[in-house]
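Working notes, structure below.
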Amino acid sequence: MDNAIEVVVEDDLWKNYDLEIIATRAFSAIEMRLGLKTGPYELDILACDDARIAILNAEFRAKQVPTNVLSWPSFDLSPDIAGQHPLAPSVEKHGDPFTHIGDIAIAYQTCMKEAKAGGIAPQHHITHLLIHGILHLLGYDHETDADAALMESLEIDLLAGMGIGNPYQNV
């Protein structure tokens, strides 16, 4: 059974990008790379604007500014030791064939500004942000140098496998 990715497009600015296809490709690459075998998984994506994500960022992170992507994992999969891979999500079988791993919100204006500033094709930047968000759902983070190095190297590897260049090259 395939994974279920539901995209709620809250802002029509996203109409030129099929986020369901981009997210499905991104998740499939992650699933193969990490060898996730306990799915199928479900995740929800909110495609919104900067105003909406600023509200979410203030509510959940106490930061009164827009950001590019936010993630809300369903499970705490964080490893006990910095720089190690997180635990794999376990399947919950409460009559639901899917394991819901969490929710992601992505903001159009911030995403497009970053893509333009970095000279990156918008589709490639969207893919990177969705990979970044999904990895957060799977317990990866960048709170320590060791965790950041692991997450960034995984992102670079995943994107390279999709024919997308290193997003951290010019940072």
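Chains: A, B, ... in order of the structure tokens. Residues: from 1 per chain. Ligands: from 1, in order shown.
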
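Here the residues within segment 42-103 of chain A that DSSP labels alpha helix (DSSP H) on the basis of the backbone are Asp50, Ala51, Arg52, Ile53, Ala54, Ile55, Leu56, Asn57, Ala58, Glu59, Phe60 and Arg61 of chain A.
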
Next on the checklist: Give me, as number ranges by chain, all polymer residues having an atom no more than 7 Å from Tyr108 of chain A, counting only C-alpha atoms and skipping those fewer than 4 positions away in the same chain.
Outcome noted: A: 13-14, 48-50, 112

Counting only C-alpha atoms, what are the residues of segment 27-74 of chain A within 10 Å of segment 138-162 of chain A, and for each of them which pair of atoms is the nearest and at what distance in Å, to one decimal? Sort the table by chain and rising number, as a Markdown table.
| residue | atom | partner | partner_atom | distance |
| --- | --- | --- | --- | --- |
| A:Phe27 | CA | A:Leu158 | CA | 10.0 |
| A:Ala29 | CA | A:Leu158 | CA | 6.5 |
| A:Ile30 | CA | A:Leu158 | CA | 6.9 |
| A:Met32 | CA | A:Leu158 | CA | 9.8 |
| A:Arg33 | CA | A:Leu158 | CA | 7.5 |
| A:Leu34 | CA | A:Leu154 | CA | 9.5 |
| A:Pro73 | CA | A:Leu138 | CA | 7.2 |
| A:Ser74 | CA | A:Leu138 | CA | 9.0 |

Filtering to C-alpha atoms, could you give me those residues as a compact mmCIF listing (two decimals), in the first residue's frame?
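Output saved as part.txt:
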# COMPACT_ATOMS: atom_id res chain seq x y z
CA PHE A 27 8.91 10.81 0.96
CA ALA A 29 13.27 8.89 -1.56
CA ILE A 30 13.45 9.18 2.24
CA MET A 32 14.09 4.06 0.41
CA ARG A 33 17.22 5.78 1.78
CA LEU A 34 16.31 5.09 5.41
CA PRO A 73 5.73 15.10 14.51
CA SER A 74 3.23 12.60 15.84

Next on the checklist: Env of Ile55 of chain A: 9 Å cut, atoms = only C-alpha atoms, seq-sep filter 5 positions within chain, self excluded. Answer as number ranges by chain.
Outcome noted: A: 50, 60, 63-66

For N, CA and C atoms, I'd like the residues from the last selection saved as a compact mmCIF listing (two decimals), in the first residue's frame.
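This went into selection.txt:
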# COMPACT_ATOMS: atom_id res chain seq x y z
N ASP A 50 2.81 33.53 4.07
CA ASP A 50 3.65 33.99 5.18
C ASP A 50 2.82 34.43 6.38
N PHE A 60 3.33 28.16 18.14
CA PHE A 60 4.04 26.94 18.51
C PHE A 60 5.51 27.14 18.85
N LYS A 63 7.79 32.65 18.08
CA LYS A 63 8.54 33.52 17.17
C LYS A 63 7.53 34.22 16.28
N GLN A 64 7.47 35.53 16.37
CA GLN A 64 6.45 36.32 15.69
C GLN A 64 6.82 36.68 14.25
N VAL A 65 7.42 35.75 13.54
CA VAL A 65 7.87 36.01 12.17
C VAL A 65 7.52 34.81 11.29
N PRO A 66 7.41 35.05 9.98
CA PRO A 66 7.23 33.91 9.08
C PRO A 66 8.49 33.06 9.02

Item to check | 9 Å contact set for Phe75 of chain A, only C-alpha atoms, chain neighbours under 3 positions out, as a ChimeraX atom specification | outcome: /A:72,78,89,101-102,137-139
